[in-house]
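Colleague: Handing over protein04.cif, mmCIF, C-alpha atoms and all ligand atoms.
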```
data_final
loop_
_atom_site.label_atom_id
_atom_site.label_comp_id
_atom_site.auth_asym_id
_atom_site.auth_seq_id
_atom_site.Cartn_x
_atom_site.Cartn_y
_atom_site.Cartn_z
CA MET A 4 21.46 20.97 1.03
CA ARG A 5 22.48 19.88 -2.48
CA THR A 6 23.08 16.23 -3.34
CA LEU A 7 24.47 15.01 -6.65
CA ILE A 8 23.66 11.38 -7.46
CA LYS A 9 26.10 10.46 -10.21
CA ASN A 10 26.01 7.80 -12.90
CA ALA A 11 23.07 5.71 -11.71
CA VAL A 12 20.79 4.08 -14.28
CA VAL A 13 17.74 6.29 -13.73
CA VAL A 14 14.15 5.25 -14.44
CA LEU A 15 12.72 8.40 -16.06
CA PRO A 16 9.13 8.85 -17.33
CA ASP A 17 10.00 8.07 -20.97
CA GLU A 18 13.31 6.22 -20.83
CA THR A 19 15.76 4.51 -18.54
CA ALA A 20 19.20 6.07 -18.90
CA ARG A 21 22.58 6.37 -17.21
CA THR A 22 22.66 9.96 -16.01
CA SER A 23 23.14 12.18 -12.95
CA VAL A 24 20.52 13.80 -10.76
CA LEU A 25 21.07 17.00 -8.80
CA VAL A 26 18.84 17.51 -5.77
CA ASP A 27 18.54 21.03 -4.39
CA GLY A 28 16.60 21.33 -1.13
CA ASN A 29 13.34 19.40 -1.47
CA ARG A 30 13.36 19.23 -5.25
CA ILE A 31 14.97 17.50 -8.20
CA ALA A 32 16.87 20.43 -9.74
CA MET A 33 18.59 18.91 -12.77
CA ILE A 34 18.83 15.63 -14.65
CA ASP A 35 21.87 15.66 -16.88
CA PRO A 36 24.75 13.23 -17.44
CA ALA A 37 27.18 16.17 -17.64
CA VAL A 38 26.03 18.05 -14.53
CA THR A 39 29.02 19.75 -12.88
CA ALA A 40 27.22 21.80 -10.21
CA GLN A 41 28.70 22.02 -6.71
CA ALA A 42 26.97 19.82 -4.16
CA ASP A 43 27.25 19.22 -0.41
CA GLU A 44 27.29 15.51 -1.06
CA VAL A 45 28.26 13.57 -4.16
CA VAL A 46 26.91 10.01 -4.33
CA GLU A 47 28.79 7.77 -6.76
CA ALA A 48 26.02 5.41 -7.91
CA GLU A 49 27.70 3.49 -10.71
CA GLY A 50 26.09 0.05 -10.99
CA LEU A 51 22.94 1.06 -9.09
CA HIS A 52 19.45 2.07 -10.31
CA LEU A 53 17.63 5.22 -9.20
CA ILE A 54 13.83 5.08 -8.98
CA PRO A 55 11.14 7.40 -7.60
CA GLY A 56 10.16 6.75 -3.97
CA VAL A 57 7.39 4.18 -3.61
CA VAL A 58 3.88 5.52 -2.92
CA ASP A 59 2.03 2.87 -0.86
CA ASP A 60 -1.65 3.72 -1.06
CA GLN A 61 -2.90 1.20 1.48
CA VAL A 62 -1.44 0.83 4.96
CA HIS A 63 -2.70 0.51 8.54
CA PHE A 64 -0.25 2.18 10.93
CA ARG A 65 -2.52 1.87 14.02
CA GLU A 66 -1.94 5.33 15.46
CA PRO A 67 -3.87 6.54 17.36
CA GLY A 68 -5.34 3.90 19.61
CA LEU A 69 -3.74 0.60 18.59
CA THR A 70 -0.09 1.46 19.13
CA HIS A 71 0.76 -1.84 20.82
CA LYS A 72 0.64 -3.24 17.23
CA GLU A 73 2.36 -0.44 15.31
CA ASP A 74 3.01 3.30 15.41
CA PHE A 75 4.20 6.03 13.05
CA ALA A 76 7.81 5.92 14.29
CA HIS A 77 8.28 2.17 13.75
CA ALA A 78 6.18 1.96 10.59
CA THR A 79 7.98 4.84 8.88
CA ARG A 80 11.40 3.43 9.79
CA ALA A 81 10.20 0.30 8.02
CA CYS A 82 9.09 2.45 5.05
CA ALA A 83 12.48 4.18 4.84
CA LYS A 84 14.23 0.81 4.76
CA GLY A 85 11.75 -0.54 2.21
CA GLY A 86 11.99 2.42 -0.20
CA ILE A 87 8.48 3.74 0.57
CA THR A 88 8.59 7.53 0.71
CA THR A 89 4.85 8.26 0.85
CA PHE A 90 2.08 6.28 2.52
CA LEU A 91 -1.68 6.74 2.46
CA GLU A 92 -3.23 5.35 5.60
CA MET A 93 -6.60 3.82 6.35
CA PRO A 94 -9.16 5.22 8.79
CA ASN A 95 -9.74 2.14 11.01
CA THR A 96 -7.72 3.50 13.92
CA LYS A 97 -9.11 4.27 17.38
CA PRO A 98 -10.87 6.63 17.18
CA GLU A 99 -11.82 6.06 13.54
CA VAL A 100 -11.11 8.90 11.10
CA ILE A 101 -14.66 9.70 10.02
CA THR A 102 -14.75 13.50 10.44
CA GLN A 103 -12.58 16.42 9.34
CA GLU A 104 -11.73 17.05 12.97
CA ARG A 105 -10.33 13.53 13.44
CA LEU A 106 -8.45 13.85 10.16
CA GLU A 107 -6.82 17.08 11.32
CA GLU A 108 -5.89 15.39 14.60
CA LYS A 109 -4.23 12.50 12.76
CA LEU A 110 -2.36 14.88 10.44
CA ALA A 111 -1.05 16.77 13.47
CA LEU A 112 -0.01 13.53 15.17
CA ALA A 113 1.84 12.34 12.07
CA ALA A 114 3.62 15.67 11.53
CA GLY A 115 6.00 15.16 14.44
CA LYS A 116 6.60 11.45 13.99
CA CYS A 117 6.98 10.37 10.37
CA LEU A 118 10.25 9.82 8.55
CA VAL A 119 8.35 9.70 5.24
CA ASN A 120 5.46 11.61 3.64
CA TYR A 121 1.90 10.86 4.64
CA GLY A 122 -1.78 11.21 3.80
CA PHE A 123 -4.94 9.86 5.43
CA TYR A 124 -8.23 8.65 4.01
CA ILE A 125 -11.54 9.56 5.55
CA GLY A 126 -13.74 6.56 6.41
CA ALA A 127 -17.36 6.26 5.35
CA THR A 128 -20.16 5.37 7.74
CA THR A 129 -23.88 5.13 6.99
CA THR A 130 -24.39 8.58 8.50
CA ASN A 131 -21.34 10.80 7.81
CA ILE A 132 -22.24 11.89 4.26
CA ASP A 133 -21.91 15.59 5.15
CA GLU A 134 -18.32 15.03 6.33
CA LEU A 135 -17.51 13.04 3.18
CA ARG A 136 -18.95 15.78 0.96
CA THR A 137 -16.78 18.53 2.41
CA ALA A 138 -13.61 16.68 3.45
CA THR A 139 -10.27 18.31 2.54
CA ARG A 140 -6.57 17.44 3.03
CA THR A 141 -7.31 13.81 2.18
CA PRO A 142 -6.69 11.63 -0.90
CA GLY A 143 -10.15 10.12 -0.74
CA ILE A 144 -12.91 8.12 0.91
CA LYS A 145 -12.50 4.57 2.18
CA ILE A 146 -15.55 2.32 2.34
CA PHE A 147 -15.50 -1.08 4.01
CA ILE A 148 -18.25 -2.70 1.91
CA GLY A 149 -17.41 -5.82 3.92
CA SER A 150 -16.31 -5.70 7.54
CA SER A 151 -12.67 -6.22 8.51
CA THR A 152 -10.56 -5.08 11.48
CA GLY A 153 -12.61 -2.45 13.35
CA ASN A 154 -16.25 -1.42 13.07
CA LEU A 155 -16.35 0.52 9.81
CA LEU A 156 -18.93 -1.05 7.51
CA VAL A 157 -21.29 0.37 4.89
CA ASP A 158 -23.20 -2.35 3.08
CA ASP A 159 -26.59 -0.64 3.01
CA GLN A 160 -27.45 0.06 -0.66
CA GLU A 161 -29.13 3.40 -0.02
CA ALA A 162 -26.14 4.70 1.94
CA LEU A 163 -23.74 3.51 -0.78
CA GLU A 164 -25.82 5.20 -3.51
CA ARG A 165 -25.67 8.49 -1.61
CA ILE A 166 -21.91 8.31 -1.07
CA PHE A 167 -21.26 7.68 -4.77
CA ALA A 168 -23.82 10.28 -5.88
CA GLU A 169 -23.12 13.14 -3.50
CA THR A 170 -19.35 13.18 -2.99
CA THR A 171 -16.54 14.21 -5.33
CA LEU A 172 -13.40 12.71 -3.74
CA PRO A 173 -12.14 9.44 -5.22
CA ILE A 174 -13.50 6.39 -3.40
CA CYS A 175 -11.77 3.11 -2.60
CA SER A 176 -13.24 -0.01 -1.09
CA HIS A 177 -12.51 -3.18 0.70
CA CYS A 178 -14.62 -5.45 -1.52
CA GLU A 179 -15.88 -8.53 0.32
CA ASP A 180 -19.63 -9.03 0.48
CA GLU A 181 -21.04 -9.12 3.97
CA SER A 182 -24.13 -11.25 3.27
CA THR A 183 -22.07 -13.83 1.34
CA ILE A 184 -19.69 -14.03 4.31
CA ARG A 185 -22.68 -14.43 6.64
CA SER A 186 -24.16 -17.33 4.69
CA ASN A 187 -20.74 -18.96 4.32
CA ARG A 188 -20.40 -18.78 8.10
CA GLU A 189 -23.70 -20.62 8.52
CA ALA A 190 -22.75 -23.24 5.93
CA ILE A 191 -19.34 -23.91 7.53
CA GLY A 192 -20.86 -24.22 11.01
CA LYS A 193 -17.91 -24.99 13.24
CA PHE A 194 -14.48 -23.68 12.25
CA THR A 195 -11.78 -26.34 12.46
CA SER A 196 -8.68 -24.50 11.20
CA VAL A 197 -7.42 -21.20 9.85
CA ALA A 198 -7.80 -22.62 6.33
CA ASP A 199 -11.54 -22.08 6.86
CA HIS A 200 -10.80 -18.37 6.50
CA SER A 201 -10.60 -18.78 2.72
CA ARG A 202 -13.96 -20.63 2.75
CA LEU A 203 -15.56 -17.94 4.89
CA ARG A 204 -14.23 -15.12 2.72
CA ASP A 205 -14.38 -17.02 -0.53
CA HIS A 206 -14.21 -16.16 -4.23
CA ALA A 207 -17.90 -15.31 -4.32
CA ALA A 208 -17.57 -12.81 -1.44
CA ALA A 209 -14.90 -10.89 -3.36
CA LEU A 210 -16.66 -11.12 -6.71
CA VAL A 211 -20.11 -10.06 -5.49
CA ALA A 212 -18.71 -6.98 -3.71
CA THR A 213 -16.47 -5.93 -6.60
CA LYS A 214 -19.43 -6.24 -9.01
CA ARG A 215 -21.59 -4.15 -6.71
CA ALA A 216 -18.99 -1.42 -6.18
CA THR A 217 -17.93 -1.12 -9.83
CA ASN A 218 -21.59 -0.95 -10.81
CA LEU A 219 -22.04 2.00 -8.43
CA ALA A 220 -18.95 3.68 -9.89
CA MET A 221 -20.17 3.29 -13.47
CA ARG A 222 -23.71 4.50 -12.79
CA HIS A 223 -22.56 7.51 -10.78
CA LYS A 224 -19.53 8.18 -13.02
CA HIS A 225 -17.37 8.31 -9.92
CA HIS A 226 -13.64 7.50 -9.77
CA PHE A 227 -13.40 4.28 -7.80
CA HIS A 228 -10.37 2.20 -6.80
CA VAL A 229 -10.70 -1.50 -5.96
CA LEU A 230 -8.29 -2.25 -3.13
CA HIS A 231 -6.43 -5.57 -2.85
CA VAL A 232 -7.96 -7.64 -5.66
CA SER A 233 -7.57 -11.27 -4.56
CA THR A 234 -9.20 -13.37 -7.30
CA ALA A 235 -8.73 -13.79 -11.01
CA ALA A 236 -12.53 -13.73 -11.33
CA GLU A 237 -12.75 -10.03 -10.38
CA LEU A 238 -10.49 -8.96 -13.25
CA PRO A 239 -13.02 -9.07 -16.14
CA VAL A 240 -15.52 -7.18 -13.96
CA ILE A 241 -12.95 -4.45 -13.34
CA GLU A 242 -11.89 -4.47 -16.99
CA ALA A 243 -15.49 -3.80 -18.06
CA ALA A 244 -15.61 -0.75 -15.77
CA ARG A 245 -12.24 0.77 -16.74
CA ASP A 246 -13.69 4.20 -17.62
CA TYR A 247 -14.13 4.94 -13.92
CA VAL A 248 -12.33 2.16 -12.10
CA THR A 249 -8.69 1.54 -11.16
CA CYS A 250 -7.43 -1.36 -9.09
CA GLU A 251 -4.57 -2.77 -7.12
CA VAL A 252 -3.06 -6.01 -5.90
CA CYS A 253 -0.92 -6.79 -2.83
CA PRO A 254 2.20 -8.99 -2.71
CA HIS A 255 0.52 -11.50 -0.38
CA HIS A 256 -2.22 -12.15 -2.95
CA LEU A 257 0.42 -12.59 -5.64
CA PHE A 258 2.71 -14.91 -3.70
CA PHE A 259 0.64 -16.76 -1.05
CA ASN A 260 -2.26 -19.17 -1.55
CA VAL A 261 -4.31 -21.65 0.49
CA ASN A 262 -1.47 -24.18 0.41
CA ASP A 263 0.51 -21.81 2.66
CA TYR A 264 -1.85 -22.15 5.64
CA GLU A 265 -0.17 -25.42 6.60
CA ARG A 266 3.27 -23.77 6.88
CA LEU A 267 2.30 -20.28 8.03
CA GLY A 268 -1.09 -20.67 9.74
CA SER A 269 -2.73 -17.41 10.79
CA LEU A 270 0.35 -15.41 9.73
CA VAL A 271 -1.25 -15.42 6.26
CA GLN A 272 -4.77 -14.83 7.55
CA MET A 273 -5.81 -11.68 5.71
CA ASN A 274 -8.94 -9.93 4.48
CA PRO A 275 -9.58 -10.48 1.62
CA SER A 276 -8.37 -14.02 2.24
CA ILE A 277 -5.58 -15.58 0.24
CA LYS A 278 -6.98 -17.75 -2.55
CA ASN A 279 -5.77 -20.51 -4.93
CA PRO A 280 -2.60 -20.97 -7.00
CA GLU A 281 -4.74 -20.21 -10.09
CA ASP A 282 -5.53 -16.80 -8.59
CA ASN A 283 -1.81 -16.07 -8.03
CA ALA A 284 -1.21 -16.93 -11.68
CA GLY A 285 -4.20 -14.91 -12.90
CA LEU A 286 -3.17 -11.81 -10.92
CA LEU A 287 0.45 -12.03 -12.10
CA GLN A 288 -0.74 -12.38 -15.68
CA ALA A 289 -3.13 -9.43 -15.31
CA LEU A 290 -0.24 -7.29 -14.04
CA ALA A 291 1.81 -8.23 -17.09
CA GLU A 292 -1.13 -7.41 -19.37
CA GLY A 293 -1.53 -3.94 -17.85
CA LYS A 294 -4.90 -4.71 -16.23
CA ILE A 295 -3.80 -3.79 -12.70
CA ASP A 296 -2.69 -0.22 -11.94
CA VAL A 297 -1.08 -0.40 -8.52
CA ILE A 298 0.82 -2.66 -6.14
CA ALA A 299 0.25 -1.71 -2.48
CA THR A 300 0.89 -3.57 0.75
CA ASP A 301 -2.21 -3.36 2.99
CA HIS A 302 0.43 -3.41 5.77
CA ALA A 303 -1.77 -4.52 8.69
CA PRO A 304 0.35 -5.49 11.69
CA HIS A 305 -0.88 -7.43 14.71
CA THR A 306 1.33 -8.78 17.49
CA LEU A 307 2.49 -12.39 17.25
CA GLU A 308 0.65 -13.06 20.49
CA GLU A 309 -2.60 -11.90 18.87
CA LYS A 310 -1.90 -13.84 15.68
CA LYS A 311 -1.22 -17.04 17.64
CA LYS A 312 -4.71 -17.14 19.13
CA PRO A 313 -6.73 -20.04 17.71
CA TYR A 314 -8.77 -19.22 14.60
CA PRO A 315 -11.17 -17.37 14.44
CA GLN A 316 -9.92 -15.33 17.44
CA SER A 317 -6.70 -14.64 15.50
CA PRO A 318 -6.93 -11.22 13.77
CA SER A 319 -6.54 -10.72 10.01
CA GLY A 320 -3.57 -8.80 8.65
CA LEU A 321 0.17 -8.97 8.04
CA PRO A 322 3.02 -6.44 7.89
CA ALA A 323 4.73 -5.75 4.54
CA VAL A 324 6.07 -2.22 4.01
CA GLU A 325 9.73 -3.05 4.50
CA ASN A 326 9.71 -5.95 2.05
CA SER A 327 7.22 -5.07 -0.70
CA LEU A 328 9.71 -3.37 -3.02
CA ALA A 329 12.28 -6.15 -2.53
CA LEU A 330 9.59 -8.78 -3.24
CA MET A 331 8.87 -7.09 -6.57
CA LEU A 332 12.54 -6.38 -7.42
CA ASN A 333 13.12 -10.08 -6.85
CA GLU A 334 10.68 -10.67 -9.73
CA VAL A 335 12.86 -8.35 -11.86
CA SER A 336 15.92 -10.42 -10.99
CA ARG A 337 13.99 -13.58 -11.95
CA GLY A 338 13.10 -11.99 -15.29
CA ARG A 339 9.32 -11.99 -14.74
CA PHE A 340 8.89 -8.19 -14.76
CA THR A 341 10.96 -5.16 -15.75
CA LEU A 342 12.12 -2.44 -13.37
CA GLU A 343 10.04 0.05 -15.38
CA GLN A 344 6.89 -2.00 -14.71
CA ILE A 345 7.62 -2.07 -10.97
CA VAL A 346 8.12 1.72 -10.99
CA ALA A 347 4.80 2.17 -12.79
CA TRP A 348 2.88 -0.04 -10.32
CA MET A 349 4.52 1.13 -7.10
CA CYS A 350 5.44 4.79 -7.78
CA THR A 351 3.93 6.48 -10.83
CA ASN A 352 0.45 4.94 -10.92
CA PRO A 353 -0.46 5.28 -7.23
CA ALA A 354 0.60 8.95 -7.37
CA ARG A 355 -1.64 9.40 -10.45
CA VAL A 356 -4.61 7.45 -9.07
CA TRP A 357 -4.64 9.51 -5.84
CA ASN A 358 -3.54 12.88 -7.31
CA VAL A 359 -0.43 12.98 -5.13
CA ARG A 360 1.25 16.08 -6.56
CA ASN A 361 4.89 16.21 -7.68
CA LYS A 362 5.66 12.63 -6.79
CA GLY A 363 5.89 9.22 -8.45
CA VAL A 364 8.29 10.16 -11.26
CA ILE A 365 11.85 11.46 -11.51
CA ARG A 366 11.42 14.82 -13.25
CA GLU A 367 13.04 18.25 -12.81
CA GLY A 368 10.97 20.30 -10.37
CA PHE A 369 9.40 17.23 -8.73
CA ASP A 370 9.92 16.31 -5.07
CA ALA A 371 13.22 14.60 -4.35
CA ASP A 372 11.71 11.37 -3.02
CA LEU A 373 14.25 8.93 -4.42
CA VAL A 374 15.46 5.37 -3.91
CA LEU A 375 18.74 3.86 -5.04
CA VAL A 376 18.29 0.15 -5.60
CA ASP A 377 20.86 -2.57 -6.00
CA LEU A 378 19.35 -5.18 -8.31
CA ASN A 379 22.14 -7.62 -7.44
CA LYS A 380 21.96 -7.44 -3.66
CA THR A 381 20.68 -10.66 -2.08
CA ALA A 382 19.42 -10.75 1.51
CA THR A 383 17.10 -12.92 3.57
CA VAL A 384 14.05 -11.48 5.34
CA LEU A 385 14.46 -12.14 9.07
CA ASN A 386 11.95 -11.44 11.85
CA GLU A 387 14.67 -10.09 14.15
CA GLN A 388 15.65 -7.47 11.56
CA GLN A 389 12.14 -6.13 10.99
CA GLU A 390 11.56 -2.49 11.90
CA THR A 391 7.77 -2.83 12.19
CA LYS A 392 6.74 -2.75 15.84
CA CYS A 393 5.24 -6.26 15.62
CA ARG A 394 8.66 -7.62 14.57
CA TRP A 395 7.65 -10.46 12.31
CA SER A 396 7.16 -11.04 8.64
CA PRO A 397 5.32 -13.80 6.79
CA TRP A 398 8.38 -13.82 4.47
CA HIS A 399 10.79 -14.69 7.31
CA GLY A 400 13.49 -16.95 5.82
CA THR A 401 12.85 -15.89 2.22
CA GLU A 402 15.89 -14.88 0.18
CA LEU A 403 15.27 -11.94 -2.15
CA THR A 404 17.50 -10.34 -4.77
CA GLY A 405 17.01 -6.60 -5.37
CA TRP A 406 16.89 -4.17 -2.42
CA ALA A 407 16.72 -0.47 -1.66
CA VAL A 408 20.16 0.66 -0.49
CA ARG A 409 19.53 4.41 -0.03
CA THR A 410 16.31 6.38 0.41
CA TRP A 411 15.78 10.16 0.28
CA VAL A 412 12.60 11.90 1.41
CA MET A 413 12.18 15.48 0.21
CA GLY A 414 15.88 15.65 -0.58
CA ARG A 415 17.13 14.36 2.74
CA GLU A 416 18.52 10.90 3.34
CA VAL A 417 16.55 8.64 5.69
CA TYR A 418 18.18 5.27 4.95
CA ARG A 419 21.61 4.12 3.86
CA ASP A 420 22.94 0.54 3.73
CA GLY A 421 21.07 -0.85 6.71
CA VAL A 422 21.16 2.34 8.79
CA ILE A 423 18.02 4.40 9.33
CA ASP A 424 18.32 8.06 10.26
CA GLY A 425 15.38 8.39 12.65
CA LYS A 426 14.89 12.15 12.29
CA VAL A 427 11.47 13.25 11.08
CA ARG A 428 11.61 14.13 7.37
CA GLY A 429 8.08 13.48 6.13
CA HIS A 430 5.71 16.13 4.85
CA GLU A 431 1.99 15.98 4.26
CA ALA A 432 1.41 14.76 0.70
CA LEU A 433 -0.68 17.38 -1.05
CA PHE A 434 -3.74 16.34 -2.96
CA GLY A 435 -5.07 17.43 -6.33
CA ASP A 436 -7.67 20.06 -6.99
O1 LIG A 501 -6.61 -8.32 6.84
C1 LIG A 501 -6.88 -7.14 6.96
N1 LIG A 501 -6.52 -6.44 8.04
N2 LIG A 501 -7.54 -6.52 5.98
C2 LIG A 501 -8.01 -5.27 6.12
O2 LIG A 501 -8.59 -4.76 5.20
C3 LIG A 501 -7.84 -4.56 7.40
C4 LIG A 501 -6.63 -5.03 8.07
C5 LIG A 501 -6.44 -4.51 9.47
O3 LIG A 501 -6.64 -3.30 9.68
O4 LIG A 501 -6.06 -5.28 10.34
#
```
Let me see whether you can do it: turn the structure in this file into structure tokens.
Modeller:
Amino acid sequence: MRTLIKNAVVVLPDETARTSVLVDGNRIAMIDPAVTAQADEVVEAEGLHLIPGVVDDQVHFREPGLTHKEDFAHATRACAKGGITTFLEMPNTKPEVITQERLEEKLALAAGKCLVNYGFYIGATTTNIDELRTATRTPGIKIFIGSSTGNLLVDDQEALERIFAETTLPICSHCEDESTIRSNREAIGKFTSVADHSRLRDHAAALVATKRATNLAMRHKHHFHVLHVSTAAELPVIEAARDYVTCEVCPHHLFFNVNDYERLGSLVQMNPSIKNPEDNAGLLQALAEGKIDVIATDHAPHTLEEKKKPYPQSPSGLPAVENSLALMLNEVSRGRFTLEQIVAWMCTNPARVWNVRNKGVIREGFDADLVLVDLNKTATVLNEQQETKCRWSPWHGTELTGWAVRTWVMGREVYRDGVIDGKVRGHEALFGD
């Protein structure tokens, strides 16, 4: 199958230019404004922008074991619609992915079900160091330094030292400090509302854990990625550890803060918790200053029924894969960021951080994971239109300008103008040497 995408404004590694892109099979074959090659399909893309497919390095797709919340079929339909062509998924499924055997099982499960490309982290426990040392076919190791959904937790210093010292895969962490959370719980006493969530998991919890983890990374000279930074206070700590540390932010920590609990209640209950307006501003500024590498979603769906339980029985997490790109393109339309910055944070940098080969940029010979975006298209996020199995979004009712209109995965179209082609297209993302 050959597809010729003509006359789009294409975000290339070193320039953004009006040109044409020829896709042959799985690959980008030619980038040339004068390309005249025969193609099975010619896409006239005048007025649209072509970007690399988004690589979302932090999602929870709940399969196996928690498929009443989400599954690969629904989640990857949502990805196709949202312009995400590769996802890297977290190990807190049931059973947890903490051995090579479980990893192979999840890879096999995904192979028959995903519209987009996939990869799976291996989770750390206090006792699975041998598995972590020898793991293959994975982007890296996930450590829950603070507990979240599920039972994965490693906050014992000796176990952490061994993981950083004895493994070679990149490590990422959920950084919220367990003992700070414990003492906050005692100080709060009785919870009265979901707003207590941001007191329980406060600024100190995030800061203490990020300091501890980046210190481990520096001492052991180990590549470490701080997941979902939620406070402005963590940024100087990360900045001081830049030789070994990369980091990311999620849209909900950029755009929601404690004032949103009144309107949205537990729909914005997340770990790490949402923080203050000053943190939104600090994180947005850090992005602009190049201090944050990646934007990922931490897509963590729960059913509305579960979310509506009174706090603290309500679970933490919200769905985001189908709206994350539009949320950031909306910032382009508002003039806050450029399209090139969004491509760096959502496509190029996550592929680089996790050694995802041949993805994240539009270059001849690279995989044809591509998204045509219409920077002028305005649409409102609506619960009833969500593809995620949980069928709600904390952005319900929000009007956004800038949307994916066509998505290709390995050269084959999975989404066009509101219509998802549900055939499996995804391949295992291959990881660096
Ligand atoms: O709020 C969260 N929910 N944060 C996480 O890190 C995990 C996630 C989940 O799996 O539900």
Colleague: Give me, as a Markdown table, each residue of chain A that comes within 8 Å of ligand LIG 501 (chain A), together with its shortest interatomic pair and the distance in Å at one decimal, counting only C-alpha atoms and all ligand atoms, with rows ordered by chain and rising residue number.
Modeller:
```
| residue | atom | partner | partner_atom | distance |
| --- | --- | --- | --- | --- |
| A:His63 | CA | A:LIG501 | O3 | 5.6 |
| A:Arg65 | CA | A:LIG501 | O3 | 7.9 |
| A:Met93 | CA | A:LIG501 | O3 | 7.9 |
| A:Asn95 | CA | A:LIG501 | O3 | 6.4 |
| A:Phe147 | CA | A:LIG501 | O2 | 7.9 |
| A:Ser151 | CA | A:LIG501 | C3 | 5.2 |
| A:Thr152 | CA | A:LIG501 | C5 | 4.6 |
| A:Gly153 | CA | A:LIG501 | O3 | 7.1 |
| A:His177 | CA | A:LIG501 | O2 | 6.2 |
| A:Gln272 | CA | A:LIG501 | O1 | 6.8 |
| A:Met273 | CA | A:LIG501 | O1 | 3.6 |
| A:Asn274 | CA | A:LIG501 | O1 | 3.7 |
| A:Pro275 | CA | A:LIG501 | N2 | 6.2 |
| A:Ser276 | CA | A:LIG501 | O1 | 7.5 |
| A:Asp301 | CA | A:LIG501 | C2 | 6.9 |
| A:His302 | CA | A:LIG501 | C4 | 7.6 |
| A:Ala303 | CA | A:LIG501 | O4 | 4.7 |
| A:Pro304 | CA | A:LIG501 | O4 | 6.6 |
| A:His305 | CA | A:LIG501 | O4 | 7.1 |
| A:Pro318 | CA | A:LIG501 | O4 | 6.9 |
| A:Ser319 | CA | A:LIG501 | O1 | 4.0 |
| A:Gly320 | CA | A:LIG501 | O1 | 3.6 |
| A:Leu321 | CA | A:LIG501 | O1 | 6.9 |
```
Colleague: What does the distance from CA of Thr79 (chain A) to CA of Trp395 (chain A) come to in Å, to one decimal?
Modeller: 15.7 Å
Colleague: For each of A:Asn279, A:Ser396, A:Asn358, A:Gln344, take the minimum atom-to-atom distance to Arg140 (chain A), counting only C-alpha atoms, then give the residue where this is smallest.
Modeller: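 Answer, going by the shortest atom-to-atom distance: A:Asn358.
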Colleague: Return the single residue from A:Ala113, A:Val197, A:Ala190, A:Leu403 that is closest to Gly268 (chain A), with distances computed using all atoms listed in the file.
Modeller: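 Nearest candidate to Gly268 (chain A) out of A:Ala113, A:Val197, A:Ala190, A:Leu403: A:Val197.
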Colleague: Excluding same-chain residues fewer than 3 positions from Cys253 (chain A), what lies within 8 Å of it counting only C-alpha atoms, as a PyMOL selection string?
Modeller: chain A and resi 231-232+256-257+298-301
Colleague: Would you mind exporting C-alpha atoms of the selected residues as a compact mmCIF listing (two decimals), in the coordinates of the input?
Modeller:
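Output file out35.txt follows:
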```txt
# COMPACT_ATOMS: atom_id res chain seq x y z
CA HIS A 231 -6.43 -5.57 -2.85
CA VAL A 232 -7.96 -7.64 -5.66
CA HIS A 256 -2.22 -12.15 -2.95
CA LEU A 257 0.42 -12.59 -5.64
CA ILE A 298 0.82 -2.66 -6.14
CA ALA A 299 0.25 -1.71 -2.48
CA THR A 300 0.89 -3.57 0.75
CA ASP A 301 -2.21 -3.36 2.99
```
Colleague: Measuring atom to atom with only C-alpha atoms, identify which of A:Gln316, A:Gln389, A:Thr249, A:Thr141 is nearest to Val297 (chain A).
Modeller: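 For Val297 (chain A), the nearest of the candidates is A:Thr249.
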Colleague: Step by step, gather every atom of region 291-303 of chain A that the file lists, find the box along x, y and z that holds them, add 6 Å on each side, and finally give centre and edge lengths in Å to one decimal, as AutoDock Vina command-line options.
Modeller:
```
--center_x -1.5 --center_y -4.2 --center_z -5.3 --size_x 18.7 --size_y 20.0 --size_z 40.1
```
Colleague: Would you list the contacts of Ala371 (chain A) as a ChimeraX atom specification, taking every protein, DNA or RNA residue within 8 Å and counting all atoms listed in the file, but skipping same-chain residues closer than 6 positions in sequence?
Modeller: /A:26,29-31,365,411-414
Colleague: Please report the interatomic distance between CA of Ala127 (chain A) and CA of Ala168 (chain A) in Å with one decimal.
Modeller: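 Separation of CA of Ala127 (chain A) and CA of Ala168 (chain A): 13.6 Å.
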Colleague: Have a look at CA of Pro173 (chain A) and CA of Phe227 (chain A) and let me know their distance in Å, one decimal.
Modeller: 5.9 Å
Colleague: Could you check the closest approach to Arg355 (chain A) for each of A:Val58, A:Glu181, A:Glu343, A:Phe259 and tell me which residue wins, using only C-alpha atoms?
Modeller: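 For Arg355 (chain A), the nearest of the candidates is A:Val58.
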Colleague: Have a look at A:Leu342, A:Ile174, A:Ile87, A:Ala207 and name the one nearest to Leu230 (chain A); count only C-alpha atoms.
Modeller: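 Nearest candidate to Leu230 (chain A) out of A:Leu342, A:Ile174, A:Ile87, A:Ala207: A:Ile174.
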Colleague: Name the residues in contact with Glu390 (chain A) at a cut-off of 8 Å, using only C-alpha atoms, excluding same-chain residues fewer than 3 positions from it; report them as an mmCIF file with C-alpha atoms, keeping the file's coordinate frame.
Modeller:
```
data_model
loop_
_atom_site.group_PDB
_atom_site.id
_atom_site.type_symbol
_atom_site.label_atom_id
_atom_site.label_comp_id
_atom_site.auth_asym_id
_atom_site.auth_seq_id
_atom_site.Cartn_x
_atom_site.Cartn_y
_atom_site.Cartn_z
ATOM 1 C CA HIS A 77 8.280 2.170 13.750
ATOM 2 C CA ALA A 78 6.180 1.960 10.590
ATOM 3 C CA ARG A 80 11.400 3.430 9.790
ATOM 4 C CA ALA A 81 10.200 0.300 8.020
ATOM 5 C CA GLU A 325 9.730 -3.050 4.500
ATOM 6 C CA ARG A 394 8.660 -7.620 14.570
#
```
